[in-house]
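For reference, start05.csv is printed below; it contains CSV, C-alpha atoms.
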chain,number,residue,atom,x,y,z
A,49,MET,CA,0.0,0.0,0.0
A,50,PRO,CA,1.5,3.4,-0.9
A,51,SER,CA,2.6,5.4,2.1
A,52,MET,CA,1.5,9.0,2.6
A,53,SER,CA,4.6,11.1,2.1
A,54,THR,CA,6.7,12.0,5.1
A,55,GLN,CA,6.5,15.7,5.8
A,56,ARG,CA,9.7,17.4,5.1
A,57,THR,CA,10.8,21.0,5.4
A,58,ASN,CA,12.1,22.7,2.2
A,59,GLU,CA,15.6,22.2,3.4
A,60,GLU,CA,15.0,18.5,4.2
A,61,TRP,CA,13.6,17.9,0.7
A,62,LEU,CA,16.6,19.5,-0.9
A,63,ASN,CA,19.1,17.7,1.3
A,64,ASP,CA,17.5,14.3,0.8
A,65,LEU,CA,17.0,14.6,-2.9
A,66,ASN,CA,20.6,15.7,-3.3
A,67,ALA,CA,21.9,12.9,-1.1
A,68,SER,CA,22.7,9.4,-2.2
A,69,GLY,CA,21.7,5.9,-1.4
A,70,GLU,CA,18.6,5.1,0.7
A,71,ILE,CA,18.0,8.6,1.8
A,72,GLN,CA,17.8,9.9,-1.8
A,73,ASP,CA,15.8,6.8,-2.8
A,74,ALA,CA,13.2,7.4,-0.1
A,75,ALA,CA,13.0,11.1,-1.0
A,76,ILE,CA,12.5,10.3,-4.7
A,77,THR,CA,9.8,7.8,-3.9
A,78,ASP,CA,8.0,10.3,-1.8
A,79,LEU,CA,8.4,13.0,-4.5
A,80,ARG,CA,7.0,10.7,-7.2
A,81,ASP,CA,4.0,9.9,-4.9
A,82,LEU,CA,3.3,13.6,-4.6
A,83,LEU,CA,3.6,14.2,-8.3
A,84,LEU,CA,1.3,11.3,-9.1
A,85,ARG,CA,-1.3,12.6,-6.7
A,86,ALA,CA,-1.1,16.1,-8.2
A,87,THR,CA,-1.4,14.6,-11.7
A,88,LEU,CA,-4.4,12.4,-10.7
A,89,TYR,CA,-6.0,15.4,-9.0
A,90,PHE,CA,-5.7,17.4,-12.2
A,91,PHE,CA,-7.3,14.6,-14.3
A,92,ASN,CA,-10.1,14.3,-11.8
A,93,ARG,CA,-10.9,17.9,-12.1
A,94,ASN,CA,-10.6,17.9,-15.9
A,95,GLN,CA,-12.4,14.6,-16.8
A,96,GLY,CA,-13.9,16.2,-19.9
A,97,ASP,CA,-10.4,16.5,-21.4
A,98,VAL,CA,-9.7,12.8,-20.9
A,99,ALA,CA,-13.2,11.6,-21.8
A,100,GLY,CA,-11.9,9.9,-24.9
A,101,MET,CA,-9.6,7.6,-22.8
A,102,ASP,CA,-10.7,4.6,-20.8
A,103,ARG,CA,-9.7,4.4,-17.2
A,104,ASP,CA,-6.6,2.2,-17.7
A,105,GLN,CA,-5.4,4.7,-20.4
A,106,ILE,CA,-5.9,7.6,-18.0
A,107,LEU,CA,-4.0,5.8,-15.2
A,108,GLN,CA,-1.1,5.0,-17.6
A,109,CYS,CA,-1.1,8.5,-18.9
A,110,ALA,CA,-0.8,9.7,-15.3
A,111,GLU,CA,2.2,7.5,-14.7
A,112,ASP,CA,3.8,8.8,-17.9
A,113,CYS,CA,3.2,12.4,-16.9
A,114,THR,CA,4.5,11.8,-13.4
A,115,GLN,CA,7.7,10.3,-14.8
A,116,GLU,CA,8.2,13.4,-17.0
A,117,ALA,CA,7.5,15.7,-14.1
A,118,LEU,CA,9.9,13.9,-11.9
A,119,ILE,CA,12.7,14.2,-14.4
A,120,ALA,CA,11.9,17.9,-14.8
A,121,VAL,CA,12.0,18.5,-11.1
A,122,MET,CA,15.3,16.7,-10.6
A,123,ASN,CA,16.8,18.6,-13.4
A,124,ARG,CA,15.7,21.9,-12.0
A,125,LEU,CA,16.3,21.4,-8.3
A,126,ALA,CA,19.0,24.1,-8.4
A,127,ASP,CA,16.4,26.6,-9.6
A,128,PHE,CA,14.3,26.3,-6.4
A,129,ARG,CA,14.6,29.6,-4.6
A,130,GLY,CA,12.7,28.8,-1.5
A,131,ASP,CA,10.0,31.5,-2.2
A,132,SER,CA,7.3,28.9,-1.7
A,133,LYS,CA,6.9,25.5,-0.1
A,134,PHE,CA,8.9,22.9,-2.0
A,135,THR,CA,5.7,20.9,-2.6
A,136,THR,CA,4.0,23.9,-4.2
A,137,TRP,CA,7.0,24.3,-6.4
A,138,VAL,CA,7.0,20.6,-7.5
A,139,TYR,CA,3.2,20.5,-8.0
A,140,LYS,CA,3.7,23.1,-10.8
A,141,PHE,CA,5.7,20.6,-12.9
A,142,ALA,CA,3.0,17.8,-12.5
A,143,ILE,CA,0.2,20.2,-13.3
A,144,ASN,CA,2.0,21.5,-16.3
A,145,ARG,CA,2.6,18.1,-17.8
A,146,ALA,CA,-0.9,16.9,-17.0
A,147,LEU,CA,-2.5,20.0,-18.6
A,148,ILE,CA,-0.5,19.7,-21.8
A,149,THR,CA,-1.3,16.0,-22.1
A,150,ALA,CA,-5.0,16.3,-21.3
A,151,ARG,CA,-5.6,19.3,-23.5
A,152,ARG,CA,-3.9,17.7,-26.5
A,153,GLU,CA,-5.7,14.5,-26.0
A,154,ARG,CA,-9.1,16.2,-26.5
A,155,TRP,CA,-8.0,17.7,-29.9
A,156,LYS,CA,-6.1,14.8,-31.3
A,157,GLY,CA,-8.4,13.8,-34.1
A,158,LYS,CA,-9.1,17.2,-35.5
A,159,SER,CA,-7.6,18.4,-38.8
A,160,LEU,CA,-5.7,21.6,-39.0
A,161,GLU,CA,-8.4,22.9,-41.3
A,162,GLN,CA,-11.0,22.5,-38.5
A,163,LEU,CA,-8.7,24.3,-36.1
A,164,THR,CA,-8.2,27.3,-38.4
A,165,SER,CA,-11.5,27.7,-40.0
A,166,PHE,CA,-13.3,31.0,-39.5
A,167,ASP,CA,-15.8,33.3,-41.1
A,168,SER,CA,-15.9,37.1,-40.6
A,169,LYS,CA,-19.7,37.0,-40.6
A,170,THR,CA,-19.5,35.0,-37.4
A,171,LEU,CA,-17.5,37.8,-35.7
A,172,THR,CA,-20.3,40.2,-36.6
A,173,GLU,CA,-22.9,37.9,-35.2
A,174,TRP,CA,-21.1,37.4,-32.0
A,175,SER,CA,-20.4,41.0,-31.4
A,176,LEU,CA,-23.9,42.2,-32.0
A,177,GLN,CA,-26.0,42.5,-28.9
A,178,ASP,CA,-29.1,40.4,-28.8
A,179,ARG,CA,-31.9,42.6,-30.3
A,180,SER,CA,-34.5,41.5,-27.9
A,181,SER,CA,-32.7,43.0,-25.0
A,182,GLY,CA,-33.7,46.4,-26.4
A,183,GLY,CA,-30.5,47.8,-27.7
A,184,LEU,CA,-30.7,51.3,-29.3
A,185,PRO,CA,-30.3,51.6,-33.1
A,186,ASP,CA,-27.1,53.7,-32.5
A,187,GLN,CA,-25.6,50.9,-30.5
A,188,SER,CA,-25.9,48.4,-33.3
A,189,ALA,CA,-24.2,50.8,-35.7
A,190,ILE,CA,-21.3,51.4,-33.3
A,191,GLN,CA,-21.0,47.7,-32.5
A,192,SER,CA,-20.8,47.0,-36.2
A,193,GLU,CA,-18.1,49.6,-36.6
A,194,ILE,CA,-16.1,48.1,-33.8
A,195,SER,CA,-16.3,44.6,-35.1
A,196,ASP,CA,-15.4,45.9,-38.6
A,197,THR,CA,-12.4,47.6,-37.1
A,198,ILE,CA,-11.4,44.4,-35.4
A,199,TRP,CA,-11.8,42.5,-38.6
A,200,GLU,CA,-9.8,45.0,-40.6
A,201,VAL,CA,-6.9,44.6,-38.2
A,202,ILE,CA,-7.1,40.9,-38.4
A,203,GLU,CA,-7.2,40.9,-42.2
A,204,ARG,CA,-4.6,43.6,-42.9
A,205,GLU,CA,-2.4,44.3,-39.9
A,206,LEU,CA,-1.6,40.9,-38.5
A,207,THR,CA,1.0,38.6,-40.0
A,208,ASP,CA,-0.3,35.4,-41.5
A,209,ARG,CA,1.0,33.6,-38.4
A,210,GLN,CA,-0.6,36.0,-36.0
A,211,ARG,CA,-3.9,35.7,-37.8
A,212,GLU,CA,-3.8,31.9,-37.8
A,213,VAL,CA,-2.9,31.7,-34.1
A,214,LEU,CA,-5.6,34.3,-33.1
A,215,ILE,CA,-8.3,32.5,-35.1
A,216,MET,CA,-7.4,29.1,-33.5
A,217,MET,CA,-7.1,30.3,-30.0
A,218,VAL,CA,-9.5,33.2,-29.6
A,219,PHE,CA,-12.3,32.1,-31.9
A,220,ASN,CA,-12.0,28.3,-32.1
A,221,GLU,CA,-10.7,27.9,-28.5
A,222,VAL,CA,-7.9,25.6,-29.5
A,223,PRO,CA,-5.7,25.1,-26.5
A,224,MET,CA,-2.4,26.7,-26.5
A,225,ASP,CA,-0.4,23.5,-26.2
A,226,GLU,CA,-2.3,22.1,-29.2
A,227,VAL,CA,-1.3,25.1,-31.3
A,228,VAL,CA,2.3,24.7,-30.0
A,229,GLN,CA,2.4,21.1,-31.2
A,230,ARG,CA,0.7,21.8,-34.6
A,231,LEU,CA,2.9,24.7,-35.5
A,232,GLY,CA,6.1,23.2,-34.0
A,233,THR,CA,6.8,26.1,-31.7
A,234,ASN,CA,6.6,26.9,-28.0
A,235,ARG,CA,4.3,28.7,-25.5
A,236,ASN,CA,6.3,31.8,-25.4
A,237,ALA,CA,6.3,32.3,-29.1
A,238,ILE,CA,2.5,31.8,-29.2
A,239,TYR,CA,1.9,34.1,-26.3
A,240,LYS,CA,4.1,36.8,-28.0
A,241,MET,CA,2.1,36.5,-31.3
A,242,LEU,CA,-1.2,37.0,-29.4
A,243,HIS,CA,0.3,39.8,-27.4
A,244,ASP,CA,1.4,41.5,-30.6
A,245,ALA,CA,-2.1,41.0,-32.1
A,246,ARG,CA,-3.7,42.5,-29.0
A,247,ARG,CA,-1.5,45.5,-29.1
A,248,LYS,CA,-2.4,46.2,-32.7
A,249,LEU,CA,-6.1,45.8,-32.0
A,250,LYS,CA,-5.9,48.0,-29.0
A,251,HIS,CA,-4.0,50.7,-30.8
A,252,ARG,CA,-6.4,50.7,-33.8
A,253,LEU,CA,-9.5,50.8,-31.6
A,254,GLN,CA,-8.1,53.7,-29.6
A,255,ALA,CA,-7.0,55.5,-32.8
A,256,ARG,CA,-10.6,55.2,-34.0
A,257,GLY,CA,-11.7,56.8,-30.8
A,258,PHE,CA,-13.2,53.8,-29.1
A,259,GLU,CA,-12.3,53.8,-25.4
A,260,ILE,CA,-12.7,50.9,-23.1
A,261,GLY,CA,-15.5,52.2,-20.9
A,262,GLU,CA,-17.8,53.1,-23.7
A,263,ILE,CA,-17.2,49.9,-25.7
A,264,LEU,CA,-17.9,47.6,-22.8
A,265,ALA,CA,-21.0,49.6,-21.9
A,266,LEU,CA,-22.2,48.9,-25.4
A,267,PHE,CA,-21.3,45.2,-25.4
A,268,THR,CA,-22.1,44.1,-21.9
A,269,PHE,CA,-25.3,42.2,-21.5
A,270,GLN,CA,-28.0,44.2,-19.8
A,271,ARG,CA,-28.1,42.8,-16.3
B,207,MET,CA,-17.7,32.3,-29.4
B,208,LYS,CA,-20.7,33.5,-27.4
B,209,HIS,CA,-21.3,37.1,-26.7
B,210,HIS,CA,-19.8,37.1,-23.2
B,211,ARG,CA,-16.7,35.6,-24.6
B,212,PHE,CA,-16.5,38.5,-27.1
B,213,GLU,CA,-16.8,40.9,-24.2
B,214,LYS,CA,-14.1,39.1,-22.3
B,215,TRP,CA,-11.8,39.3,-25.4
B,216,LEU,CA,-12.4,43.0,-25.7
B,217,ARG,CA,-11.5,43.4,-22.1
B,218,ASN,CA,-8.3,41.5,-22.8
B,219,ILE,CA,-7.5,43.7,-25.7
B,220,TYR,CA,-7.9,46.8,-23.6
B,221,GLU,CA,-5.9,45.5,-20.7
B,222,THR,CA,-3.0,44.7,-23.0
B,223,ARG,CA,0.3,46.3,-21.8
B,224,GLU,CA,3.2,47.2,-24.0
B,225,GLU,CA,5.4,44.8,-22.1
B,226,GLU,CA,4.1,41.5,-20.7
B,227,ILE,CA,5.9,38.6,-19.1
B,228,SER,CA,6.2,35.3,-20.9
B,229,CYS,CA,4.8,31.9,-20.0
B,230,THR,CA,8.2,30.8,-18.9
B,231,GLU,CA,8.5,33.7,-16.5
B,232,CYS,CA,5.0,33.1,-15.3
B,233,PHE,CA,5.7,29.4,-14.6
B,234,ASP,CA,8.8,30.5,-12.7
B,235,LEU,CA,6.9,32.9,-10.5
B,236,VAL,CA,3.5,31.3,-10.0
B,237,SER,CA,4.5,29.1,-7.0
B,238,ARG,CA,5.6,32.3,-5.2
B,239,PHE,CA,2.3,34.0,-6.2
B,240,VAL,CA,0.3,31.0,-4.8
B,241,GLU,CA,2.3,31.0,-1.6
B,242,LEU,CA,1.6,34.7,-1.1
B,243,GLU,CA,-2.1,34.2,-1.6
B,244,SER,CA,-2.2,31.3,0.7
B,245,SER,CA,-0.6,33.4,3.5
B,246,GLY,CA,-3.4,36.0,3.1
B,247,GLN,CA,-1.3,38.6,1.3
B,248,ASP,CA,-2.4,40.6,-1.7
B,249,ALA,CA,-0.4,38.6,-4.3
B,250,ALA,CA,-1.9,40.6,-7.3
B,251,ALA,CA,-0.6,43.8,-5.8
B,252,SER,CA,2.9,42.4,-5.1
B,253,MET,CA,3.1,40.7,-8.5
B,254,PRO,CA,0.9,42.7,-10.9
B,255,GLN,CA,2.6,41.5,-14.1
B,256,LEU,CA,2.0,37.9,-13.1
B,257,ARG,CA,-1.6,38.6,-12.4
B,258,GLN,CA,-2.0,40.3,-15.8
B,259,HIS,CA,-0.4,37.3,-17.6
B,260,LEU,CA,-2.8,35.0,-15.8
B,261,ASP,CA,-5.7,37.2,-17.0
B,262,GLN,CA,-4.5,37.0,-20.6
B,263,CYS,CA,-3.3,33.4,-20.8
B,264,ARG,CA,-5.8,30.6,-20.3
B,265,ALA,CA,-3.2,27.7,-20.2
B,266,CYS,CA,-1.2,29.5,-17.4
B,267,ARG,CA,-4.4,30.4,-15.6
B,268,ASP,CA,-5.7,26.9,-15.6
B,269,GLU,CA,-2.4,25.6,-14.2
B,270,TYR,CA,-2.4,28.4,-11.6
B,271,GLU,CA,-6.0,27.5,-10.4
B,272,THR,CA,-5.1,23.9,-9.9
B,273,LEU,CA,-1.9,24.9,-8.0
B,274,ARG,CA,-3.9,27.3,-5.8
B,275,ASP,CA,-6.5,24.6,-5.0
B,276,LEU,CA,-3.8,22.0,-4.2
B,277,ARG,CA,-2.1,24.5,-1.9
B,278,ARG,CA,-5.4,25.2,-0.2
B,279,LEU,CA,-5.5,21.5,0.8
B,280,GLY,CA,-2.8,22.4,3.2
B,281,ASP,CA,0.1,20.1,3.8
B,282,GLU,CA,0.6,16.8,2.0
B,283,SER,CA,-1.8,14.9,4.2
B,284,GLY,CA,-4.6,17.0,2.8
B,285,LEU,CA,-4.1,15.7,-0.7
B,286,PRO,CA,-6.0,12.5,-1.3
B,287,SER,CA,-4.0,9.3,-1.7
B,288,VAL,CA,-3.2,7.7,-5.0
B,289,ASP,CA,-5.8,5.0,-4.4
B,290,ASP,CA,-8.5,7.4,-3.6
B,291,LEU,CA,-7.7,9.5,-6.7
B,292,ARG,CA,-7.6,6.5,-9.0
B,293,ASN,CA,-10.9,5.3,-7.6
B,294,SER,CA,-12.6,8.6,-8.2
B,295,LEU,CA,-11.8,8.6,-11.9
B,296,SER,CA,-14.9,7.2,-13.6

For the structure just supplied, provide its representation as C-alpha cells.
Amino acid sequence: MPSMSTQRTNEEWLNDLNASGEIQDAAITDLRDLLLRATLYFFNRNQGDVAGMDRDQILQCAEDCTQEALIAVMNRLADFRGDSKFTTWVYKFAINRALITARRERWKGKSLEQLTSFDSKTLTEWSLQDRSSGGLPDQSAIQSEISDTIWEVIERELTDRQREVLIMMVFNEVPMDEVVQRLGTNRNAIYKMLHDARRKLKHRLQARGFEIGEILALFTFQR
Amino acid sequence: MKHHRFEKWLRNIYETREEEISCTECFDLVSRFVELESSGQDAAASMPQLRQHLDQCRACRDEYETLRDLRRLGDESGLPSVDDLRNSLS
C-alpha cells in the first residue's frame, strides 16, 4: 500500500534529494508519490479533457506524466529559490505536464483545417447585442463599426501567423499546447504572437476613438 | 464564441500592456504567487505582471488555479491518496 509522504521542510527535501543511497531513494519515492497525486488530482478535475480515454489509459497517462514531471523536477532542483513550499513548487511541474497532455488528448483527431476555419460573418454575429434586450439603433451601428475595425486589423495588420494563431485560440478555442504542437513552436512564441495582435487591435481601436468604458458599456449584456 | 466571450476578449485587448511577461516567466513565479495568496497577502498587488499574464493566458491560468487549489488543501496529508484519486476517476 502506498505510504503517505513523510512531511519534510524545504531544506530537508533538498538535502534528501541531493543525497545518495537510501536517503535519496526514499525522497524520490515520496516525491514521485506527490507528483502522481497532483497529476491524478488534475485529471479528476478535468475529466472532460480525458473523456476519450478509458480508465486504464488515463492511469497509464498519469504514470507517464508523473515520470516526465519527476525528471523535470530533478533537473531543475538548483532553480528552487525557497519562495514557496517545496511541494507547491513541484506541483507546478506535475500540473503543467498533466494539462499539456490532457488538452492535447481532446484535440487529437481534428484536422488543421478544423482548427483554423473561421468566417468574418461569425465575428459580426457574436459582437452584436441580442436585439430582444432592447439595444438602441445607435448601439448596433457602433457595434458593427467596432467589429469591422477588429476584422480589418485581423485581415490587414496581422501577419499570417498571428492571424492563424488568433483564429485558432481566440475564436476556435484551440488550447495553446495544441497550437504549439501543430505549429512546431513553444508557448512563449505563441503568447508573443497573441500579445502583438492584441497591441495592434488596442492601438487601432483607440485610434478610431473607441475607449474601453464606452465599448464595454455597449457590449455588456443588460443585467 | 458566445457574446460574453467576445466581451471578455475586448477586455483582454484593452488590458494589454506594451510589455508583458512570458509563459516561462509566469511558470517560474507562479508558485511564489500562490504562496503569497495562501498566506493571506495581496499577491496581485505584489506581482501585478503575473496577475496580468494569468488574466491573458488561459493555459497558465488553468495551471495556476489547480496549483492554488492544491495549496489550499494544506500540507501533503490534505491531498488525497493515489488509491482514492484513482478510484474517483470514472

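Checking A:Ala126, A:Leu231, A:Val213, A:Ile198 one by one against Leu216 in chain B, counting only C-alpha atoms, you find the shortest gap at A:Ile198.
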
Item to check | Interatomic distance, CA of Gln55 in chain A to CA of Gly130 in chain A (Å, one decimal) | outcome: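 Answer for the CA of Gln55 in chain A to CA of Gly130 in chain A separation: 16.2 Å.
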
Next on the checklist: Report, in Å with one decimal, the straight-line distance from CA of Glu271 in chain B to CA of Val240 in chain B.
Outcome noted: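 Atom-to-atom, CA of Glu271 in chain B and CA of Val240 in chain B are spaced 9.1 Å apart.
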
Checklist entry - For chain B, which residues have at least one atom within 9 Å of chain A, if we go by only C-alpha atoms? Write them as a count of residues only, please. => result 57

Checklist entry - Interatomic distance between CA of Asp64 in chain A and CA of Ala120 in chain A? => result 17.0 Å
